[in-house]
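Some notes on the structure that comes next.
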Amino acid sequence: MSKTTFSKRDNYGLKITMFVVIIYTLLNSIYNLLMHGLLHFALRFAAGIFLIIIVRFIGMSKSINKKVESFLSPVLFVAIETAISVFLGSDRYYFFFLIACSVISLGYLERMGFILQALLVNAIVILLFAMNIPIMGSDYDMVHQIMFFLGYDLINILLYSICAFAVEKAKEQEKTSKTFNTIMDTTPSFMVVIDQNANIEYMSQSLAEWLHVSNVSYAINRPLLDLLPTIEMKIMFHEIIESRRFVERSFELLIDDKPCWFMLRSSKMSRSNINRFFEWSDITPIMDAKNAAVAQDNAKSDFLAKMSHEIRTPMNSIMGMSELILREDLSPGVYENTTGIKTASMNLLSLINDILDFSKIESGKLEIVKTDYLLTSLLNDVISVIRMRLLDQPILFVTNIDSRIPNALSGDEVRIRQILLNILSNAVKYTDSGFISLDVTGTVENQTVLLQIAVSDSGIGIKEEDLNKLFGEFVQMDMTKNHGIEGTGLGLAITHNLVRAMGGNIIVKSEYGKGSTFTVTLPQEIRQAETFAFVERAFEKQVLLYEPRDIYADSVKSSLENLGVSCHLVDSISHFHEALEGGTPYSFVFVPSFLHKEAKNAVKKNNSPAAIILLSNYGDLDLSNEFRTLAMPAHALSIANILNDIGQEYHYHSNKPDGIHFIAPTAKILIVDDIPTNLKVAEGLLLPYRMQIDTAKNGREAIDMITAGKDYDLVFMDHMMPEMDGLEATTLIRFTEGNYFKEVPIIALTANAVSGVKEMFIQNGMNDFLAKPIEMAKLNAILDKWIPTDKKERYTEAPTSQAAATFAIPGIDVAKGILMTGGDVDNYNATLSVFYMDGIHKISELQTCLQNADYSLFTTYVHALKSASASVGALEFSEAAKALEMAGRKEDVSFIEKNAPDLIFSLEVLLGNINKYMKTLSVSNHTEQISTEELRSKLLILRDALDNMDIGTADKILEEIQAKNLPEEAQVLMDSVSQDILIFEYEEANKNINEFLIRE
Amino acid sequence: MKHLFIINPEAAGVKGKARSISQRITLFFQDYPEISYYIHITRWCRDALAFSHHYAASEYLEDADGKIRIHVIGGMGTVYEVINGTTGLPGVQIAIYPYGSTARFLKSFGAGQVNTFYSFYHQVFSETIPLDVMKCGNNFALGLSSTGIGSNPFSVTKKCWREKRLHQKYEITIDGQRIYEECLSILILNAPFNGDKMLKTACQIQPDDGKLDLFIVKRLPHVKLLSQLLHYLLFKYKSYPEFIMHETGRHIQITSKEMQHCRIDGELHYETTMDYRLLPLAIDFVNPLSEGGPSL
């Protein structure tokens, strides 16, 4: 409700009339008393009183409206004045009096009333003229009086114009006011207008109710701040008033201890900074809905993250088990099926990883972690992965990497690798044939390089209308055409978010049906000015490139030119011969591996000193013994290595143990690398040598392991690692007291195989270096050189069941059992231990089932015993369990009742035998007693490893603990923990460890 | 410690002098360059409230031992604003200068010595004493609250004329006990009331006595009213002491079905229910007349 309201009583005409009448009566009466005597005074006074009464009556009368008042009051006034003037004689100011009456009528702002008033007064005057009454006295003749009369009417016309204008304005104002009042009365928003002193001018009804002001009028002219409920709100409004500008903001307020949200807008009303309009509304329902949606979204993300995490654990075991199965001698069918399981598991894991990443992005938990890294290493890894994926596909993969880009950078290497793999994997997915290219360039500015990474393909492309949706969530374009392509559709959304989080950008250009180009720009910090690749004395080297495949030819040529090396490209054998015959002293001849014979003959024929370099694809004939090879896609670094004669031909290994002439089962090897995948690859490559392999994740961990006295025969040390890099670790090892530490061979593992790097590693105390990706032949050479001769044994085929004949357990085919558990005795022993523990429980459970006649559960138990006993080689018992399982399925109760006791007895005997064996094992193996402190510290590490799902570490610690002679209680704990870990009950294992630690 | 001077240029005694007062302050501190001070001249209603709160609650005080002395140069209305802006904030001391209606309040600390309160030297260097504060609904007051005809004579008289009655029905509870229903005027005092309208006891109230004093002017019989009409119209209630009730307590609530006109430290409020609570020794007041004050 506003401060001002409009009604009939608000007409100013009545007030003016009354005021004029009173003043006129008083003045006229006094004047007449002084000038003309009592009679004049009495008449004037009586007329005045009469007029006052009449005007008052008119004002109070509800039947007389404002329009009637507007002519009635002045006309009555004129009539009485005229009558008195006529009665008393002339009035020389008569026409001025008439003008005054017109002004009175004007005060009512009624056009029609004004006209009527003018007409009636005109009629009176004309009547006076007609009656020849000299109303202005004898001083003025009739002509003058008529002139006055005409003047009076002209003024009336002028006053009418003013009246019409004022009426229009008043109507407009009234309309505006009514609208304003209606808004103020009905709006649910809280509105208030304050004047230049911050006192309230207008306030909406809703705000009055909200502030518990029963009547708006009580708030008018009061300071706004007095009415606001909290000091915080007062301060906020003070700030807004002081701000002198338009303000829009939300704020929170506790009302009855409940948080409420409001959206407030405020703007200045005039040139005064204080005079402002405020409007705010309750947006609590919207905020509640938003918070609920956010909470729901977070819950969804958390759920996804948790589920993904939970699924990863069994997925890892499925993949691990598949891997174990694949190491066995398998029939082609089983091999194929198992490969299928492994591939599907890997795909599923990849999807889960995507979901996990996406949920992290959505819940804002994604963090960009800056580390120092080498671009060479990163690109090598990515190229290797994509190259492997393109096996057997008619796609040429080429790379063009600017050799001048700084190599030592700082950024989130893991996430950049993920971005590159996502984009390249996408290209692989949507390209059936043609090419995929990876172009990397960089622009250096101060200490930052803006990497531009472009991935182009000749795939199916993207429709123009789909380009905008490309980075959305769960998007797969052209579903009909791409039917069968796996994926969540999250890859590009994740990539987009990752790029943005790193301050970069990603754009895509595509032509439907022809291919796409994704360009990522990423700012990265430069650590050192060293470039990506460099060719020594490049100007002296000339390369003859014979490559009929245009895409490869262009890529290799541009890489060579980028390195400053002169390159002559030919695309046919005749041109190749011509070039060689031309007399140019080529240093190198680059040819595809399938043209090696032609190249060899041509070079020989022309007596060229050029070294032949074969451009080799994965799966090409291995000619590495005869020629140096350059694995495709060749890039600046791999070409530079060849030209610098570094000796690291990039030949991607196959997993065949070709060229292995020895094994070293007693040799102890330590591999140090921060990337788990690299560790796995190295372990896999070393597997055929049957050495004892330990791994460490960084230099510090490596030092701890080396100084712990394990006497490693060889250490493979990665160069770049977090916490402590390979060079620092090597230096510290060499400075450690003792000859062993001065002499232990340390081999550098690096992707940075540029000229001079070997010298640098040797200067820093390393003995040799091996470039990544590791070449099998080179690895063999390194091992041959550095593994002590007395530890090398002649290579033979792996025994099917090692040490099978060394012990026997009655009722168990130990050899079969070892074979069933992966061919490893330790693994077999562990499985046997689990079988023993489980068997103890099963005896009582079987007996309970028989007592309760629960044959269904009994069948389930014997089914489990059947497979478990078979896996440890208890074949006879397994057969008996199988017979009972069959009986259970047929509900042959009599058979069960007859044979179950025998089975339970057999199980007891079997377990007894296993127990005896395990005791002998314990005595023979556990020679060293573990101290309480050592046990405690190892259990703590084990617990942390299980918390972090670091199963590698957990297994290692478990093995270390079990290698020691344990107190009985600790032995019980370790048996239980081993079993829990084996069945992926990590929480249960940790619970048992915690209970043990508290007890101890 | 930092010093914040809040000058209300519209207050009685200050009007037209704000600039010269400000210059005097600056001049005074030229002799004490180590003292940090700030002068704020208020521009609109309740500017002092928000400004003093903002200043006292901000990080400005981090390098000033967390203490600030706010010098109020204005009437009780300005004091009311500062009290409302700073009550509850730690480290705030309030110095009041005898301009406008504050002079009456300051008289209670030493009649005839009020001029000492004009001295910047005394106000800057004197010790403080803790005083009670009266919490009135959402607001705080130092002096008094008046309800009924005395709070807003013109408006209430107009209302009485319209409604043809002088009294209003109230439900008054003091520390949980209901004591009266219909009256002409109600006065709740935390500090002495030095006017000549109320009982003498009203002049002896101390602002640190841990209680609120309630004076109720009861309804007079018509005959009495007619005989005392002049006094009544001039609110000289002490002329009929038998109709004035005096109580003390710490929690007073006044409820009425009709809107109450309340004047709290000179500031007018309209409420149907007014809740008064005593906050014992809630502010630190600079008392230049206290023992141990600075010597000139």
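As shown in the structure tokens, the chain order sets the letters A, B, ...; within each chain, residues go from 1, and ligands are also counted from 1 in the order they appear.
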
Interface list for chain B, partner chain A, 9 Å threshold, only C-alpha atoms, as a PDB file with N, CA, C and O atoms, in the first residue's frame:
ATOM      1  N   ARG B  43      25.300  10.309   6.830  1.00  0.00           N
ATOM      2  CA  ARG B  43      24.611  10.946   5.698  1.00  0.00           C
ATOM      3  C   ARG B  43      23.129  10.632   5.664  1.00  0.00           C
ATOM      4  O   ARG B  43      22.362  11.290   5.019  1.00  0.00           O
ATOM      5  N   TRP B  44      22.765   9.577   6.326  1.00  0.00           N
ATOM      6  CA  TRP B  44      21.355   9.197   6.284  1.00  0.00           C
ATOM      7  C   TRP B  44      20.996   8.387   7.511  1.00  0.00           C
ATOM      8  O   TRP B  44      21.853   7.983   8.282  1.00  0.00           O
ATOM      9  N   CYS B  45      19.734   8.139   7.657  1.00  0.00           N
ATOM     10  CA  CYS B  45      19.208   7.467   8.841  1.00  0.00           C
ATOM     11  C   CYS B  45      19.800   6.068   8.988  1.00  0.00           C
ATOM     12  O   CYS B  45      19.699   5.261   8.068  1.00  0.00           O
ATOM     13  N   ARG B  46      20.390   5.782  10.107  1.00  0.00           N
ATOM     14  CA  ARG B  46      20.975   4.482  10.444  1.00  0.00           C
ATOM     15  C   ARG B  46      22.311   4.232   9.721  1.00  0.00           C
ATOM     16  O   ARG B  46      22.783   3.118   9.703  1.00  0.00           O
ATOM     17  N   ASP B  47      22.846   5.259   9.135  1.00  0.00           N
ATOM     18  CA  ASP B  47      24.174   5.141   8.540  1.00  0.00           C
ATOM     19  C   ASP B  47      25.170   4.795   9.638  1.00  0.00           C
ATOM     20  O   ASP B  47      26.051   3.948   9.467  1.00  0.00           O
ATOM     21  N   LEU B  49      24.665   3.196  12.348  1.00  0.00           N
ATOM     22  CA  LEU B  49      24.480   1.808  12.810  1.00  0.00           C
ATOM     23  C   LEU B  49      25.352   0.862  11.983  1.00  0.00           C
ATOM     24  O   LEU B  49      26.186   0.111  12.499  1.00  0.00           O
ATOM     25  N   ALA B  50      25.133   0.891  10.675  1.00  0.00           N
ATOM     26  CA  ALA B  50      25.843  -0.042   9.805  1.00  0.00           C
ATOM     27  C   ALA B  50      27.327   0.283   9.746  1.00  0.00           C
ATOM     28  O   ALA B  50      28.167  -0.618   9.738  1.00  0.00           O
ATOM     29  N   PHE B  51      27.643   1.570   9.743  1.00  0.00           N
ATOM     30  CA  PHE B  51      29.053   1.940   9.622  1.00  0.00           C
ATOM     31  C   PHE B  51      29.848   1.505  10.853  1.00  0.00           C
ATOM     32  O   PHE B  51      30.933   0.949  10.746  1.00  0.00           O
ATOM     33  N   HIS B  53      29.145  -0.837  12.908  1.00  0.00           N
ATOM     34  CA  HIS B  53      29.240  -2.308  12.936  1.00  0.00           C
ATOM     35  C   HIS B  53      30.334  -2.764  11.972  1.00  0.00           C
ATOM     36  O   HIS B  53      31.182  -3.595  12.312  1.00  0.00           O
ATOM     37  N   HIS B  54      30.274  -2.222  10.781  1.00  0.00           N
ATOM     38  CA  HIS B  54      31.232  -2.600   9.751  1.00  0.00           C
ATOM     39  C   HIS B  54      32.666  -2.347  10.223  1.00  0.00           C
ATOM     40  O   HIS B  54      33.549  -3.179  10.081  1.00  0.00           O
ATOM     41  N   ASN B  84      23.157  -0.176  18.585  1.00  0.00           N
ATOM     42  CA  ASN B  84      22.564  -1.249  17.787  1.00  0.00           C
ATOM     43  C   ASN B  84      23.550  -1.862  16.802  1.00  0.00           C
ATOM     44  O   ASN B  84      23.409  -3.010  16.414  1.00  0.00           O
ATOM     45  N   GLY B  85      24.522  -1.068  16.404  1.00  0.00           N
ATOM     46  CA  GLY B  85      25.505  -1.605  15.466  1.00  0.00           C
ATOM     47  C   GLY B  85      26.612  -2.375  16.128  1.00  0.00           C
ATOM     48  O   GLY B  85      27.267  -3.197  15.472  1.00  0.00           O
ATOM     49  N   ASN B 138      14.202  -6.459  18.525  1.00  0.00           N
ATOM     50  CA  ASN B 138      15.441  -6.699  17.780  1.00  0.00           C
ATOM     51  C   ASN B 138      16.451  -5.582  17.989  1.00  0.00           C
ATOM     52  O   ASN B 138      17.519  -5.604  17.401  1.00  0.00           O
ATOM     53  N   ASN B 139      16.072  -4.587  18.775  1.00  0.00           N
ATOM     54  CA  ASN B 139      16.938  -3.415  18.895  1.00  0.00           C
ATOM     55  C   ASN B 139      17.512  -3.293  20.309  1.00  0.00           C
ATOM     56  O   ASN B 139      17.040  -3.949  21.246  1.00  0.00           O
ATOM     57  N   MET B 259      -1.846  -1.215  17.989  1.00  0.00           N
ATOM     58  CA  MET B 259      -0.450  -0.855  17.775  1.00  0.00           C
ATOM     59  C   MET B 259       0.039   0.046  18.907  1.00  0.00           C
ATOM     60  O   MET B 259      -0.647   0.979  19.307  1.00  0.00           O
ATOM     61  N   LEU B 268      11.298   6.224  17.167  1.00  0.00           N
ATOM     62  CA  LEU B 268       9.924   5.756  17.255  1.00  0.00           C
ATOM     63  C   LEU B 268       9.760   4.360  16.629  1.00  0.00           C
ATOM     64  O   LEU B 268      10.292   4.073  15.565  1.00  0.00           O
ATOM     65  N   HIS B 269       9.051   3.504  17.332  1.00  0.00           N
ATOM     66  CA  HIS B 269       8.750   2.161  16.828  1.00  0.00           C
ATOM     67  C   HIS B 269       7.261   1.895  17.001  1.00  0.00           C
ATOM     68  O   HIS B 269       6.639   2.418  17.910  1.00  0.00           O
ATOM     69  N   TYR B 270       6.742   1.060  16.155  1.00  0.00           N
ATOM     70  CA  TYR B 270       5.341   0.651  16.279  1.00  0.00           C
ATOM     71  C   TYR B 270       5.297  -0.863  16.384  1.00  0.00           C
ATOM     72  O   TYR B 270       5.773  -1.553  15.492  1.00  0.00           O
ATOM     73  N   GLU B 271       4.770  -1.351  17.444  1.00  0.00           N
ATOM     74  CA  GLU B 271       4.692  -2.803  17.634  1.00  0.00           C
ATOM     75  C   GLU B 271       3.425  -3.130  18.403  1.00  0.00           C
ATOM     76  O   GLU B 271       2.880  -2.279  19.106  1.00  0.00           O
ATOM     77  N   THR B 272       2.992  -4.356  18.302  1.00  0.00           N
ATOM     78  CA  THR B 272       1.891  -4.795  19.169  1.00  0.00           C
ATOM     79  C   THR B 272       2.447  -5.479  20.409  1.00  0.00           C
ATOM     80  O   THR B 272       1.818  -5.487  21.452  1.00  0.00           O
TER      81      THR B 272
END

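Residues in contact with Cys136 in chain B at 6 Å, where only C-alpha atoms are counted and same-chain residues fewer than 4 positions away are skipped, are listed as B:Phe140, B:Asp275, B:Tyr276.
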
Near Lys956 in chain A, counting only C-alpha atoms, which residues have an atom at most 12 Å away, once you skip same-chain residues fewer than 2 positions from it, shown as an NGL selection string?
:A and (693-696 or 938-939 or 941-942 or 945-946 or 950-954 or 958-963 or 978)

So that I have them on file, write out the residues from the current selection with C-alpha atoms, as a CSV table (one decimal), in the first residue's frame.
chain,number,residue,atom,x,y,z
A,693,ILE,CA,61.8,-59.6,-10.0
A,694,ASP,CA,61.0,-56.8,-7.5
A,695,THR,CA,59.5,-53.4,-8.4
A,696,ALA,CA,59.7,-50.0,-7.0
A,938,LYS,CA,54.4,-54.8,8.1
A,939,LEU,CA,50.8,-55.2,9.1
A,941,ILE,CA,51.8,-51.3,5.5
A,942,LEU,CA,49.6,-54.2,4.5
A,945,ALA,CA,48.0,-51.1,0.9
A,946,LEU,CA,44.6,-52.8,1.2
A,950,ASP,CA,47.4,-51.6,-3.9
A,951,ILE,CA,47.2,-55.3,-4.2
A,952,GLY,CA,50.8,-55.6,-5.6
A,953,THR,CA,52.2,-54.1,-2.4
A,954,ALA,CA,49.7,-56.2,-0.3
A,958,LEU,CA,52.0,-60.8,2.8
A,959,GLU,CA,54.7,-62.9,1.2
A,960,GLU,CA,57.3,-61.2,3.4
A,961,ILE,CA,55.4,-61.9,6.5
A,962,GLN,CA,54.7,-65.5,5.6
A,963,ALA,CA,58.3,-66.0,4.8
A,978,SER,CA,45.5,-64.4,3.1

Taking 4 positions as the minimum chain separation for residues in the same chain, which residues sit within 9 Å of Lys792 in chain A when counting only C-alpha atoms? Answer as a PyMOL selection string.
chain A and resi 662-667+784+787-788

Dump N, CA, C and O atoms for the selected residues as a JSON list (two decimals), in the first residue's frame?
[["chain", "number", "residue", "atom", "x", "y", "z"],
["A", 662, "PHE", "N", 69.36, -67.89, -22.30],
["A", 662, "PHE", "CA", 69.63, -68.31, -20.91],
["A", 662, "PHE", "C", 68.46, -67.91, -20.01],
["A", 662, "PHE", "O", 67.63, -67.06, -20.39],
["A", 663, "ILE", "N", 68.46, -68.57, -18.86],
["A", 663, "ILE", "CA", 67.54, -68.15, -17.81],
["A", 663, "ILE", "C", 68.38, -67.88, -16.57],
["A", 663, "ILE", "O", 69.54, -68.32, -16.51],
["A", 664, "ALA", "N", 67.82, -67.15, -15.60],
["A", 664, "ALA", "CA", 68.60, -66.85, -14.39],
["A", 664, "ALA", "C", 67.67, -66.88, -13.18],
["A", 664, "ALA", "O", 67.32, -65.84, -12.62],
["A", 665, "PRO", "N", 67.25, -68.06, -12.78],
["A", 665, "PRO", "CA", 66.26, -68.14, -11.68],
["A", 665, "PRO", "C", 66.77, -67.57, -10.36],
["A", 665, "PRO", "O", 65.98, -67.15, -9.53],
["A", 666, "THR", "N", 68.08, -67.53, -10.18],
["A", 666, "THR", "CA", 68.58, -67.02, -8.89],
["A", 666, "THR", "C", 68.93, -65.54, -8.96],
["A", 666, "THR", "O", 69.26, -64.92, -7.95],
["A", 667, "ALA", "N", 68.89, -64.99, -10.17],
["A", 667, "ALA", "CA", 69.23, -63.57, -10.31],
["A", 667, "ALA", "C", 68.11, -62.70, -9.76],
["A", 667, "ALA", "O", 66.93, -62.99, -9.96],
["A", 784, "ASP", "N", 72.56, -60.20, -20.84],
["A", 784, "ASP", "CA", 73.70, -61.07, -21.09],
["A", 784, "ASP", "C", 74.98, -60.43, -20.57],
["A", 784, "ASP", "O", 75.86, -61.09, -20.01],
["A", 787, "ILE", "N", 74.19, -59.66, -16.14],
["A", 787, "ILE", "CA", 73.84, -60.71, -15.16],
["A", 787, "ILE", "C", 75.10, -61.56, -14.93],
["A", 787, "ILE", "O", 75.73, -62.00, -15.89],
["A", 788, "PRO", "N", 75.46, -61.77, -13.68],
["A", 788, "PRO", "CA", 76.67, -62.57, -13.41],
["A", 788, "PRO", "C", 76.58, -63.95, -14.08],
["A", 788, "PRO", "O", 75.52, -64.58, -14.09]]

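Running DSSP on the backbone and keeping only strand (DSSP E), the residues of range 85-157 of chain B that qualify are B:Val92, B:Gln93, B:Ile94, B:Ala95, B:Ile96, B:Thr128, B:Ile129, B:Pro130, B:Leu131, B:Asp132, B:Val133, B:Met134, B:Lys135, B:Cys136, B:Asn139, B:Phe140, B:Ala141, B:Leu144, B:Ser145, B:Ser146, B:Thr147, B:Gly148.
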
What's around Phe114 in chain A at 8 Å? Count only C-alpha atoms, leave out sequence neighbours fewer than 4 positions away in its own chain, and write the answer as a VMD selection string.
chain A and resid 70 to 71 102 105 to 106 109 to 110 118 160

Report as a PDB file with N, CA and C atoms, in the first residue's frame: the residues of range 370-416 of chain A with a DSSP assignment of helix (DSSP H, G or I), based on the backbone of this structure.
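In the end it all went to selection.pdb:
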ATOM      1  N   LEU A 375      58.214 -34.888 -22.722  1.00  0.00           N
ATOM      2  CA  LEU A 375      57.240 -35.041 -23.805  1.00  0.00           C
ATOM      3  C   LEU A 375      57.562 -36.279 -24.638  1.00  0.00           C
ATOM      4  N   THR A 376      58.856 -36.562 -24.803  1.00  0.00           N
ATOM      5  CA  THR A 376      59.253 -37.746 -25.577  1.00  0.00           C
ATOM      6  C   THR A 376      58.644 -39.003 -24.982  1.00  0.00           C
ATOM      7  N   SER A 377      58.747 -39.113 -23.658  1.00  0.00           N
ATOM      8  CA  SER A 377      58.241 -40.295 -22.970  1.00  0.00           C
ATOM      9  C   SER A 377      56.734 -40.411 -23.146  1.00  0.00           C
ATOM     10  N   LEU A 378      56.072 -39.284 -22.971  1.00  0.00           N
ATOM     11  CA  LEU A 378      54.609 -39.278 -23.064  1.00  0.00           C
ATOM     12  C   LEU A 378      54.148 -39.688 -24.466  1.00  0.00           C
ATOM     13  N   LEU A 379      54.763 -39.060 -25.482  1.00  0.00           N
ATOM     14  CA  LEU A 379      54.322 -39.348 -26.853  1.00  0.00           C
ATOM     15  C   LEU A 379      54.680 -40.776 -27.261  1.00  0.00           C
ATOM     16  N   ASN A 380      55.843 -41.238 -26.800  1.00  0.00           N
ATOM     17  CA  ASN A 380      56.217 -42.632 -27.085  1.00  0.00           C
ATOM     18  C   ASN A 380      55.170 -43.607 -26.569  1.00  0.00           C
ATOM     19  N   ASP A 381      54.753 -43.380 -25.307  1.00  0.00           N
ATOM     20  CA  ASP A 381      53.753 -44.265 -24.696  1.00  0.00           C
ATOM     21  C   ASP A 381      52.475 -44.271 -25.521  1.00  0.00           C
ATOM     22  N   VAL A 382      52.020 -43.054 -25.864  1.00  0.00           N
ATOM     23  CA  VAL A 382      50.750 -42.933 -26.572  1.00  0.00           C
ATOM     24  C   VAL A 382      50.846 -43.581 -27.957  1.00  0.00           C
ATOM     25  N   ILE A 383      51.948 -43.313 -28.651  1.00  0.00           N
ATOM     26  CA  ILE A 383      52.107 -43.869 -29.998  1.00  0.00           C
ATOM     27  C   ILE A 383      52.146 -45.399 -29.927  1.00  0.00           C
ATOM     28  N   SER A 384      52.841 -45.940 -28.909  1.00  0.00           N
ATOM     29  CA  SER A 384      52.915 -47.400 -28.763  1.00  0.00           C
ATOM     30  C   SER A 384      51.536 -48.000 -28.613  1.00  0.00           C
ATOM     31  N   VAL A 385      50.735 -47.399 -27.745  1.00  0.00           N
ATOM     32  CA  VAL A 385      49.402 -47.948 -27.474  1.00  0.00           C
ATOM     33  C   VAL A 385      48.557 -47.940 -28.744  1.00  0.00           C
ATOM     34  N   ILE A 386      48.557 -46.808 -29.428  1.00  0.00           N
ATOM     35  CA  ILE A 386      47.706 -46.688 -30.618  1.00  0.00           C
ATOM     36  C   ILE A 386      48.212 -47.602 -31.731  1.00  0.00           C
ATOM     37  N   ARG A 387      49.528 -47.693 -31.811  1.00  0.00           N
ATOM     38  CA  ARG A 387      50.107 -48.565 -32.830  1.00  0.00           C
ATOM     39  C   ARG A 387      49.632 -50.005 -32.630  1.00  0.00           C
ATOM     40  N   MET A 388      49.602 -50.430 -31.366  1.00  0.00           N
ATOM     41  CA  MET A 388      49.154 -51.797 -31.071  1.00  0.00           C
ATOM     42  C   MET A 388      47.678 -51.973 -31.425  1.00  0.00           C
ATOM     43  N   ARG A 389      46.907 -50.932 -31.200  1.00  0.00           N
ATOM     44  CA  ARG A 389      45.471 -51.052 -31.480  1.00  0.00           C
ATOM     45  C   ARG A 389      45.195 -51.138 -32.974  1.00  0.00           C
ATOM     46  N   GLU A 413      50.855 -34.966 -16.575  1.00  0.00           N
ATOM     47  CA  GLU A 413      51.222 -35.924 -17.617  1.00  0.00           C
ATOM     48  C   GLU A 413      50.146 -37.004 -17.789  1.00  0.00           C
ATOM     49  N   VAL A 414      49.639 -37.472 -16.658  1.00  0.00           N
ATOM     50  CA  VAL A 414      48.660 -38.566 -16.714  1.00  0.00           C
ATOM     51  C   VAL A 414      47.418 -38.138 -17.492  1.00  0.00           C
ATOM     52  N   ARG A 415      46.961 -36.915 -17.210  1.00  0.00           N
ATOM     53  CA  ARG A 415      45.740 -36.439 -17.859  1.00  0.00           C
ATOM     54  C   ARG A 415      45.984 -36.101 -19.336  1.00  0.00           C
ATOM     55  N   ILE A 416      47.202 -35.615 -19.650  1.00  0.00           N
ATOM     56  CA  ILE A 416      47.493 -35.318 -21.059  1.00  0.00           C
ATOM     57  C   ILE A 416      47.529 -36.634 -21.843  1.00  0.00           C
TER      58      ILE A 416
END

Looking at A:Cys101, A:Val977, A:Leu349, A:Val862, which one is nearest to Ala830 in chain A, with distances taken over only C-alpha atoms?
A:Val977

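Closest approach to Ile124 in chain A among A:Ile782, A:Val86, A:Ile64, A:Ile104: A:Val86, based on only C-alpha atoms.
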
Residues within 8 Å of Phe215 in chain B, please, as an MDAnalysis selection string. Count only C-alpha atoms; anything in the same chain fewer than 2 positions from it doesn't count.
chainID B and resid 186:188 213 217 244:247

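The two atoms in question, CA of Asn915 in chain A and CA of Ser833 in chain A, are spaced 8.5 Å apart.
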
Which residues come within 10 Å of His40 in chain A, counting only C-alpha atoms, excluding same-chain residues fewer than 3 positions away, as a ChimeraX atom specification?
/A:28-37,43-46,84,88

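Closest approach to Thr78 in chain B from the set B:Phe28, B:Gln177, B:Phe117, B:Asn8 is made by B:Asn8, with distances taken over only C-alpha atoms.
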
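Distance annotation: of B:Leu225, B:Leu278, B:Ile172, B:Val92, the residue with the minimal separation from Asp65 in chain B is B:Val92; atom set is only C-alpha atoms.
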
For Asp725 in chain A, the closest of A:Phe87, A:Tyr373, A:Phe41, A:Tyr861 counting only C-alpha atoms is A:Tyr373

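Reported to one decimal place, the separation of CA of Ser281 in chain A from CA of Leu264 in chain A is 6.7 Å.
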